[in-house]
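Heads up, upload08.csv below (CSV, C-alpha atoms):
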chain,number,residue,atom,x,y,z
F,1,MET,CA,0.0,0.0,0.0
F,2,ARG,CA,1.2,3.5,-0.8
F,3,LEU,CA,1.1,5.8,2.2
F,4,ARG,CA,-0.8,9.0,1.5
F,5,LEU,CA,0.0,12.1,3.5
F,6,PRO,CA,-3.0,14.1,4.9
F,7,GLU,CA,-4.1,17.1,2.8
F,8,GLU,CA,-4.6,20.5,4.3
F,9,ARG,CA,-7.1,23.0,3.0
F,10,PRO,CA,-6.4,26.2,5.0
F,11,THR,CA,-8.8,29.1,4.9
F,12,GLU,CA,-5.9,31.5,4.5
F,13,PRO,CA,-2.5,31.0,3.0
F,14,PRO,CA,0.1,30.1,5.7
F,15,THR,CA,2.8,32.6,6.8
F,16,GLY,CA,6.4,31.8,7.1
F,17,TYR,CA,9.8,33.3,7.7
F,18,LYS,CA,13.2,33.0,5.9
F,19,ILE,CA,16.4,34.9,5.2
F,20,ALA,CA,17.8,35.9,1.9
F,21,HIS,CA,20.3,38.3,0.3
F,22,PRO,CA,18.8,41.4,-1.4
F,23,VAL,CA,20.0,41.9,-5.0
F,24,LEU,CA,19.8,44.7,-7.6
F,25,ALA,CA,19.7,44.2,-11.4
F,26,HIS,CA,22.9,45.5,-13.1
F,27,ASP,CA,20.9,48.2,-14.9
F,28,GLY,CA,19.2,49.3,-11.7
F,29,THR,CA,15.7,48.7,-12.9
F,30,ARG,CA,14.7,45.7,-10.7
F,31,ALA,CA,15.3,44.4,-7.2
F,32,GLY,CA,14.8,41.0,-5.7
F,33,PHE,CA,16.3,38.3,-3.5
F,34,THR,CA,18.5,35.3,-3.7
F,35,GLY,CA,18.6,32.3,-1.3
F,36,VAL,CA,21.3,31.6,1.2
F,37,SER,CA,21.7,27.9,0.3
F,38,LEU,CA,20.0,25.7,-2.2
F,39,GLY,CA,18.8,27.8,-5.2
F,40,GLY,CA,21.1,30.7,-4.3
F,41,ALA,CA,22.1,31.1,-7.9
F,42,LEU,CA,18.5,31.8,-9.0
F,43,PRO,CA,17.4,35.4,-7.9
F,44,TYR,CA,13.6,35.7,-7.4
F,45,GLY,CA,11.1,38.5,-7.2
F,46,VAL,CA,8.5,39.5,-4.6
F,47,LEU,CA,6.0,37.2,-6.2
F,48,ALA,CA,7.6,34.1,-7.7
F,49,ASP,CA,7.2,30.5,-8.6
F,50,ALA,CA,9.8,27.9,-7.5
F,51,SER,CA,11.6,25.7,-10.0
F,52,CYS,CA,13.9,22.7,-9.4
F,53,ALA,CA,17.4,23.9,-8.6
F,54,TYR,CA,18.8,20.7,-10.2
F,55,GLY,CA,17.2,21.5,-13.5
F,56,LEU,CA,14.8,18.5,-13.4
F,57,ARG,CA,11.4,18.9,-15.1
F,58,HIS,CA,9.1,17.9,-12.2
F,59,ARG,CA,6.9,20.5,-10.5
F,60,ALA,CA,8.3,21.9,-7.3
F,61,PRO,CA,8.1,20.9,-4.6
F,62,HIS,CA,8.6,17.2,-5.3
F,63,ARG,CA,8.5,14.6,-2.6
F,64,ARG,CA,11.6,12.9,-3.8
F,65,CYS,CA,13.6,16.1,-4.3
F,66,ASP,CA,14.5,19.0,-2.0
F,67,CYS,CA,13.5,21.6,-4.5
F,68,GLY,CA,11.0,24.5,-3.9
F,69,PHE,CA,11.0,27.5,-1.7
F,70,HIS,CA,11.7,26.9,2.0
F,71,CYS,CA,10.7,28.8,5.1
F,72,VAL,CA,10.2,28.1,8.8
F,73,HIS,CA,7.1,28.6,11.0
F,74,ASP,CA,8.8,30.7,13.7
F,75,ARG,CA,10.2,34.2,13.2
F,76,THR,CA,12.7,33.6,16.0
F,77,ALA,CA,14.1,30.5,14.3
F,78,ALA,CA,14.7,32.5,11.1
F,79,GLU,CA,16.4,35.4,13.0
F,80,ALA,CA,18.7,32.8,14.6
F,81,LEU,CA,20.1,32.0,11.1
F,82,LEU,CA,21.3,35.6,10.9
F,83,CYS,CA,23.9,35.0,13.6
F,84,THR,CA,26.2,33.0,11.4
F,85,ALA,CA,29.1,34.9,9.8
F,86,GLU,CA,28.0,34.2,6.2
F,87,HIS,CA,24.5,35.3,6.8
F,88,ARG,CA,25.1,38.6,8.8
F,89,ALA,CA,24.3,40.7,5.7
F,90,ALA,CA,21.1,38.8,4.8
F,91,VAL,CA,17.6,40.2,5.4
F,92,LEU,CA,14.7,38.7,7.2
F,93,LEU,CA,11.6,38.0,5.0
F,94,GLU,CA,8.0,37.4,6.0
F,95,VAL,CA,6.4,35.4,3.3
F,96,THR,CA,3.0,34.1,2.3
F,97,VAL,CA,3.0,30.5,1.3
F,98,LEU,CA,1.1,30.0,-1.9
F,99,GLY,CA,0.3,27.0,-4.1
F,100,ARG,CA,1.2,23.4,-3.3
F,101,TYR,CA,3.3,22.9,-0.1
F,102,LEU,CA,4.8,20.1,2.0
F,103,ARG,CA,4.7,20.7,5.7
F,104,PHE,CA,7.6,19.5,7.9
F,105,GLU,CA,8.4,19.9,11.6
F,106,LEU,CA,10.0,23.3,11.3
F,107,GLY,CA,8.3,24.8,8.3
F,108,PHE,CA,7.2,24.5,4.7
F,109,ARG,CA,8.6,23.5,1.3
F,110,TYR,CA,6.4,25.1,-1.3
F,111,ALA,CA,5.7,26.1,-4.9
F,112,ARG,CA,4.9,29.8,-4.9
F,113,GLN,CA,5.4,32.7,-2.5
F,114,ARG,CA,4.8,36.4,-2.0
F,115,VAL,CA,7.3,38.3,0.1
F,116,ARG,CA,5.4,40.7,2.2
F,117,THR,CA,8.0,42.3,4.4
F,118,ALA,CA,11.8,42.5,4.4
F,119,THR,CA,13.5,43.6,7.6
F,120,VAL,CA,17.0,45.0,7.1
F,121,GLY,CA,19.5,44.5,9.8
F,122,PRO,CA,22.1,47.0,11.0
F,123,CYS,CA,25.1,48.2,9.0
F,124,GLY,CA,28.4,46.4,9.5
F,125,CYS,CA,29.4,49.2,11.9
F,126,GLY,CA,26.3,48.6,14.0
F,127,ALA,CA,24.4,51.7,13.0
F,128,VAL,CA,20.8,51.6,11.7
F,129,ALA,CA,20.8,50.9,7.9
F,130,VAL,CA,19.4,53.6,5.6
F,131,ALA,CA,20.3,51.9,2.4
F,132,LEU,CA,21.3,48.7,0.7
F,133,ALA,CA,24.8,49.0,-0.9
F,134,ASP,CA,27.1,46.9,-3.1
F,135,ALA,CA,28.3,44.0,-1.0
F,136,GLY,CA,31.2,43.1,-3.2
F,137,TRP,CA,29.6,39.9,-4.7
F,138,GLY,CA,26.9,39.1,-7.2
F,139,ARG,CA,25.3,36.8,-9.7
F,140,PRO,CA,25.2,37.1,-13.5
F,141,GLY,CA,23.2,40.3,-14.1
F,142,TRP,CA,22.6,40.9,-10.4
F,143,LEU,CA,24.6,42.9,-7.8
F,144,GLY,CA,24.5,41.6,-4.2
F,145,LEU,CA,23.6,44.2,-1.6
F,146,ALA,CA,24.2,44.6,2.1
F,147,PRO,CA,22.7,46.9,4.8
F,148,SER,CA,24.6,50.2,5.1
F,149,CYS,CA,24.3,53.4,7.2
F,150,ALA,CA,24.8,56.8,5.6
F,151,GLY,CA,28.4,57.0,6.8
F,152,CYS,CA,29.5,53.8,5.3
F,153,LEU,CA,28.2,54.2,1.8
F,154,ARG,CA,31.4,55.9,0.6
F,155,GLY,CA,30.4,56.1,-3.1
F,156,ARG,CA,29.3,52.5,-3.5
F,157,THR,CA,26.4,51.7,-5.7
F,158,SER,CA,23.4,51.8,-3.4
F,159,VAL,CA,19.6,52.1,-3.2
F,160,SER,CA,17.5,53.4,-0.3
F,161,LEU,CA,15.2,51.1,1.5
F,162,ALA,CA,12.2,52.9,0.0
F,163,GLY,CA,13.9,52.7,-3.4
F,164,PHE,CA,14.5,49.0,-3.1
F,165,ALA,CA,10.8,48.4,-2.2
F,166,ARG,CA,9.7,50.5,-5.2
F,167,LEU,CA,11.9,48.6,-7.6
F,168,ALA,CA,10.8,45.2,-6.2
F,169,GLY,CA,7.1,46.2,-6.5
F,170,GLU,CA,4.1,44.0,-5.6
F,171,GLY,CA,3.5,46.0,-2.4
F,172,LEU,CA,6.7,44.9,-0.6
F,173,ARG,CA,7.5,46.7,2.7
F,174,VAL,CA,11.2,47.2,3.6
F,175,ILE,CA,11.9,48.3,7.1
F,176,ALA,CA,15.1,49.0,9.1
F,177,GLY,CA,15.7,46.7,12.1
F,178,LYS,CA,17.6,47.6,15.2
F,179,GLY,CA,20.9,49.4,15.3
F,180,ALA,CA,22.7,52.3,16.9
F,181,SER,CA,21.4,55.7,15.8
F,182,VAL,CA,23.9,58.4,14.6
F,183,PRO,CA,23.5,61.8,16.2
F,184,ALA,CA,22.6,64.4,13.5
F,185,GLY,CA,25.6,66.6,14.6
F,186,GLU,CA,28.1,63.9,13.6
F,187,LEU,CA,26.9,63.7,10.0
F,188,GLY,CA,29.4,64.9,7.3
F,189,VAL,CA,28.9,65.7,3.6
F,190,PRO,CA,28.7,62.0,2.5
F,191,GLU,CA,26.2,61.2,5.2
F,192,LEU,CA,24.0,64.2,4.5
F,193,ALA,CA,24.1,63.4,0.7
F,194,ALA,CA,22.9,59.8,1.5
F,195,GLU,CA,20.1,61.1,3.7
F,196,ALA,CA,19.1,63.6,1.0
F,197,ALA,CA,18.9,60.7,-1.5
F,198,LEU,CA,16.7,58.7,0.9
F,199,LEU,CA,14.4,61.7,1.3
F,200,GLN,CA,14.2,62.1,-2.4
F,201,ALA,CA,13.3,58.5,-2.9
F,202,ARG,CA,10.5,58.9,-0.4
F,203,LEU,CA,9.3,62.1,-2.1
F,204,ASP,CA,9.3,60.2,-5.5
F,205,TRP,CA,7.1,57.5,-4.0
F,206,PHE,CA,4.6,60.0,-2.5
F,207,GLN,CA,4.4,61.8,-5.9
F,208,SER,CA,3.7,58.6,-7.7
F,209,GLN,CA,0.9,57.8,-5.2
F,210,LEU,CA,-0.6,61.3,-5.7
F,211,ALA,CA,-0.4,60.8,-9.4
F,212,ARG,CA,-2.3,57.6,-9.2
F,213,LEU,CA,-5.0,59.2,-7.0
F,214,GLY,CA,-5.3,62.0,-9.5
F,215,GLU,CA,-5.9,59.6,-12.3
F,216,ARG,CA,-8.8,58.1,-10.4
F,217,GLY,CA,-10.5,61.4,-9.7
F,218,PRO,CA,-12.1,62.8,-6.6
F,219,GLY,CA,-14.8,60.1,-6.4
F,220,GLY,CA,-12.3,57.2,-6.9
F,221,GLU,CA,-13.5,56.6,-10.5
F,222,PRO,CA,-11.0,56.4,-13.3
F,223,GLN,CA,-10.7,59.6,-15.4
F,224,GLY,CA,-10.9,59.7,-19.2
In structure tokens, what does this structure look like?
Amino acid sequence: MRLRLPEERPTEPPTGYKIAHPVLAHDGTRAGFTGVSLGGALPYGVLADASCAYGLRHRAPHRRCDCGFHCVHDRTAAEALLCTAEHRAAVLLEVTVLGRYLRFELGFRYARQRVRTATVGPCGCGAVAVALADAGWGRPGWLGLAPSCAGCLRGRTSVSLAGFARLAGEGLRVIAGKGASVPAGELGVPELAAEAALLQARLDWFQSQLARLGERGPGGEPQG
């Protein structure tokens, strides 16, 4: 007899947590993430479908393979992964598990996901991150990013947290986690320039939202 696993039919998609490295397209037009282990060579967007990392043609997740997206049930368990040296620059993701999934003791392996929130850790110096900057590594066509405060940008290619969320799209929220704050009186020209870029990115976002509201008109109906 073939053992059949019980099927779940949740009323709402499950929520999970994972860590990933933020990445920026080489032309600066898109943003996404890449995994920290299996499948790390395949960057994915906020809303994405899994494929077999081994190039096999079966649908992910497959019972006899370890392909598919992975996440854990508990946020604390995901945060603990950030303690290792190779994962210090990764970000914490809160995801919605979509499509087919396999449940295991610690989490899910699944076919489709939506990244809802990305929490960015502190800069390497310990200060609160205001941007994601060139981390010195990448994938073909993608630049790896790491959290950075205004004082540590030093001319590197970077994008503000709001700018990353805008490029990633699909309603992604990017928030800064804990870190040491820098007194305003200690900011120099590079730091102030970075802060100005961050404010400009926020202004651009507000202007785009106002433009969308204007297109719909005062009553919420599309104009034209």
*If I put a ball of radius 7 Å at (5.5, 30.8, -2.6) in the file's coordinates, which residues poke into it when counting all atoms listed in the file, written as a list in words?*
Ala48, Asp49, Phe69, Thr96, Val97, Leu98, Gly99, Tyr110, Ala111, Arg112, Gln113 and Arg114 of chain F
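Those residues that approach Gly138 of chain F to within 10 Å, counting all atoms listed in the file, are Val23, Leu24, Ala25, His26, Thr34, Ala41, Asp134, Ala135, Gly141, Trp142, Leu143, Gly144 and Leu145 of chain F; same-chain residues fewer than 3 positions away are not listed.
For Arg103 of chain F, the residues within 10 Å (counting only C-alpha atoms, excluding itself and residues fewer than 4 positions away along the chain) are F:Glu7, F:Glu8, F:Val72, F:His73, F:Gly107, F:Phe108, F:Arg109, F:Tyr110.
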Keeping only C-alpha atoms, write the selected residues to a file as a PDB file, in the frame of the given file.
ATOM      1  CA  GLU F   7      -4.100  17.100   2.800  1.00  0.00           C
ATOM      2  CA  GLU F   8      -4.600  20.500   4.300  1.00  0.00           C
ATOM      3  CA  VAL F  72      10.200  28.100   8.800  1.00  0.00           C
ATOM      4  CA  HIS F  73       7.100  28.600  11.000  1.00  0.00           C
ATOM      5  CA  GLY F 107       8.300  24.800   8.300  1.00  0.00           C
ATOM      6  CA  PHE F 108       7.200  24.500   4.700  1.00  0.00           C
ATOM      7  CA  ARG F 109       8.600  23.500   1.300  1.00  0.00           C
ATOM      8  CA  TYR F 110       6.400  25.100  -1.300  1.00  0.00           C
TER       9      TYR F 110
END
*Separation of atom CA of Pro22 of chain F from atom CA of Ala53 of chain F in Å*: 19.0 Å
_Rounded to one decimal, what separation in Å do you get between atom CA of Gly28 of chain F and atom CA of Gly169 of chain F?_
13.5 Å
*Grab the atom CA of Leu210 of chain F to atom CA of Leu167 of chain F distance for me, in Å with one decimal place.*
17.9 Å
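Distances to Arg116 of chain F were evaluated for F:Arg30, F:Arg139, F:Arg63, F:Lys18 using all atoms listed in the file, and the minimum falls at F:Lys18.
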_Which residue is closest to Leu42 of chain F? Choose from F:Val120, F:Thr15, F:Arg59, F:Ala20 and count only C-alpha atoms._
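Nearest to Leu42 of chain F: F:Ala20.
Checking F:Ala162, F:Gly124, F:Glu86, F:Gly179 one by one against Leu203 of chain F, counting all atoms listed in the file, you find the shortest gap at F:Ala162.
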_Selected residue, from F:Thr76, F:Ser160, F:Ser208, F:Ser148, that lies nearest to Tyr17 of chain F when counting only C-alpha atoms_ =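 Among the listed residues, F:Thr76 lies closest to Tyr17 of chain F.
Shortest atom-to-atom contact with Val128 of chain F among F:Cys65, F:Cys149, F:Ala50, F:Ile175: F:Cys149, counting only C-alpha atoms.
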Return the padded bounding box of segment 133-146 of chain F as JSON: axis-aligned, built from all atoms listed in the file, 6 Å added on each side, with centre and edge lengths in Å to one decimal.
{"center_x": 26.9, "center_y": 42.9, "center_z": -6.0, "size_x": 20.6, "size_y": 24.2, "size_z": 28.2}
_Pick from F:Thr11, F:Thr119, F:Gln209, F:Ser37, whichever lies nearest to Arg75 of chain F using all atoms listed in the file_ =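 Of F:Thr11, F:Thr119, F:Gln209, F:Ser37, the one nearest Arg75 of chain F is F:Thr119, counting all atoms listed in the file.
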